[in-house]
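Working notes, structure below.
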Amino acid sequence: MAEPQTIHATGRRKTAIAQVRIRPGTGIITVNRRPMNEYFTRESQCTLIKEALETVSMQERYDIHAHCTGGGSSGQAGALRHGIARALQKIDAELRAPLKKRGLLTRDARKKERKKYGQKGARARFQFSKR
């Protein structure tokens with residue numbers, strides 16, 4: 001099977017979106033035209049991003065270029081992980097089973113609940129006084 005030149009995929013988490021381009025290479029990951037370690041300063045976020053590649057043991061086979069928008073750094077890291085997993089699935093359909101088993105293909109749809117009118121927050125109310 002001939003490998004396609006570039007695979008595009010989109011990952012999402014909370015309000016963050018990561019557009020991922022993956023192509024055969026040496027394992028370089030760039031986010032918004034910066035090295036991953038420079039863009040994501042926390043080691044835990046870098047580990048989270050590499051999780052999909054480590055699951056199918058393809059750390060050194062593909063270069064990843066991503067464009068992340070929206071949300072915070074944690075949401076963007078989760079969106080990038082989701083995007084990488086979806087791109088790997090497009091490359092080889094047999095990778096779906098291990099990625100699905102680790103929960104990497106499932107979008108984390110949790111978002112912040114909106115504040116309601118007449119209340120202090122989403123669930124918090126103003127203090128009620130009977131007298």
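Letters A, B, ... mark the chains of the structure tokens in the order given; residue numbers begin at 1 per chain; ligand numbers begin at 1, in order shown.
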Counting only C-alpha atoms, what are the residues of range 53-75 of chain A within 12 Å of range 101-104 of chain A, and for each of them which pair of atoms is the nearest and at what distance in Å, to one decimal? Sort the table by chain and rising number, as CSV.
```
residue,atom,partner,partner_atom,distance
A:Leu53,CA,A:Leu104,CA,10.5
A:Glu54,CA,A:Arg102,CA,11.1
A:Thr55,CA,A:Arg102,CA,8.0
A:Val56,CA,A:Arg102,CA,10.6
```
Residues at most 9 Å from range 89-92 of chain A, counting only C-alpha atoms, excluding those fewer than 4 positions away in the same chain, as a ChimeraX atom specification? /A:3-4,7-9,84-85,96,99,105
Output N, CA and C atoms for every residue in that selection, as a tab-separated table (two decimals), in the first residue's frame.
```tsv
chain	number	residue	atom	x	y	z
A	3	GLU	N	1.92	4.93	0.73
A	3	GLU	CA	1.51	5.91	1.73
A	3	GLU	C	1.23	7.26	1.06
A	4	PRO	N	0.14	7.90	1.42
A	4	PRO	CA	-0.14	9.22	0.87
A	4	PRO	C	0.87	10.24	1.38
A	7	ILE	N	-1.51	13.74	5.30
A	7	ILE	CA	-2.85	13.43	5.82
A	7	ILE	C	-3.29	14.60	6.69
A	8	HIS	N	-4.52	15.04	6.49
A	8	HIS	CA	-5.10	16.12	7.29
A	8	HIS	C	-6.15	15.54	8.23
A	9	ALA	N	-6.19	16.05	9.47
A	9	ALA	CA	-7.21	15.66	10.44
A	9	ALA	C	-7.45	16.82	11.40
A	84	ILE	N	-4.08	13.93	16.15
A	84	ILE	CA	-3.03	12.98	15.76
A	84	ILE	C	-3.61	11.57	15.67
A	85	ALA	N	-4.43	11.20	16.64
A	85	ALA	CA	-5.04	9.86	16.63
A	85	ALA	C	-5.93	9.68	15.40
A	96	ARG	N	-6.98	1.54	14.23
A	96	ARG	CA	-8.19	1.99	14.92
A	96	ARG	C	-8.40	1.25	16.25
A	99	LEU	N	-6.03	2.39	19.15
A	99	LEU	CA	-6.31	3.79	19.48
A	99	LEU	C	-7.66	3.92	20.19
A	105	LEU	N	-9.64	8.19	20.26
A	105	LEU	CA	-10.48	8.62	19.15
A	105	LEU	C	-11.77	9.28	19.63
```
Spatial neighbours of Leu80 in chain A, 6 Å, only C-alpha atoms, chain gap at least 3 places, as an MDAnalysis selection string: chainID A and resid 11 18 77 83
Can I get the selection written as an mmCIF file, in the first residue's frame, with N, CA and C atoms?
```
data_model
loop_
_atom_site.group_PDB
_atom_site.id
_atom_site.type_symbol
_atom_site.label_atom_id
_atom_site.label_comp_id
_atom_site.auth_asym_id
_atom_site.auth_seq_id
_atom_site.Cartn_x
_atom_site.Cartn_y
_atom_site.Cartn_z
ATOM 1 N N GLY A 11 -8.729 17.770 15.389
ATOM 2 C CA GLY A 11 -9.010 17.305 16.742
ATOM 3 C C GLY A 11 -9.640 18.430 17.537
ATOM 4 N N ALA A 18 -7.546 21.773 16.860
ATOM 5 C CA ALA A 18 -6.204 21.540 16.325
ATOM 6 C C ALA A 18 -6.325 20.948 14.927
ATOM 7 N N ALA A 77 -3.704 20.960 23.920
ATOM 8 C CA ALA A 77 -2.931 19.711 23.964
ATOM 9 C C ALA A 77 -3.857 18.516 23.753
ATOM 10 N N GLY A 83 -6.459 14.967 17.301
ATOM 11 C CA GLY A 83 -6.176 15.135 15.874
ATOM 12 C C GLY A 83 -5.131 14.156 15.369
#
```
Find the nearest atom pair between each residue of range 45-125 of chain A and range 21-29 of chain A for residues within 7 Å, count only C-alpha atoms, give distances in Å to one decimal, sort rows by chain and ascending number, and present the table as a tab-separated table.
```
residue	atom	partner	partner_atom	distance
A:Gln59	CA	A:Gly27	CA	5.7
A:Glu60	CA	A:Gly27	CA	4.2
A:Arg61	CA	A:Thr26	CA	5.5
A:Tyr62	CA	A:Pro24	CA	4.3
A:Asp63	CA	A:Gly27	CA	4.8
A:Ile64	CA	A:Ile22	CA	4.7
A:His65	CA	A:Arg21	CA	5.2
A:Ala66	CA	A:Arg21	CA	6.2
A:Ala87	CA	A:Ile22	CA	6.9
```
Quick check, in Å to one decimal: how far apart do CA of Thr15 in chain A and CA of Ala79 in chain A lie? 9.1 Å
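Proximity of A:Gln19, A:Lys50, A:Gln127, A:Gln5 to Gly70 in chain A, computed with only C-alpha atoms, is greatest for A:Gln19.
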Residue nearest Lys100 in chain A among A:Ser129, A:Ser44, A:Ala52, A:Gly71 (counting only C-alpha atoms): A:Ala52
Can you pull out every residue from chain A that DSSP, working from the backbone, puts in strand (DSSP E), and format the result as a list in words? Ile7, His8, Ala9, Thr10, Gly11, Arg12, Arg13, Ala16, Ile17, Ala18, Gln19, Val20, Arg21, Ile22, Arg23, Pro24, Ile29, Thr30, Val31, Arg34, Pro35, Tyr62, Asp63, Ile64, His65, Ala66, His67, Cys68 and Thr69 of chain A
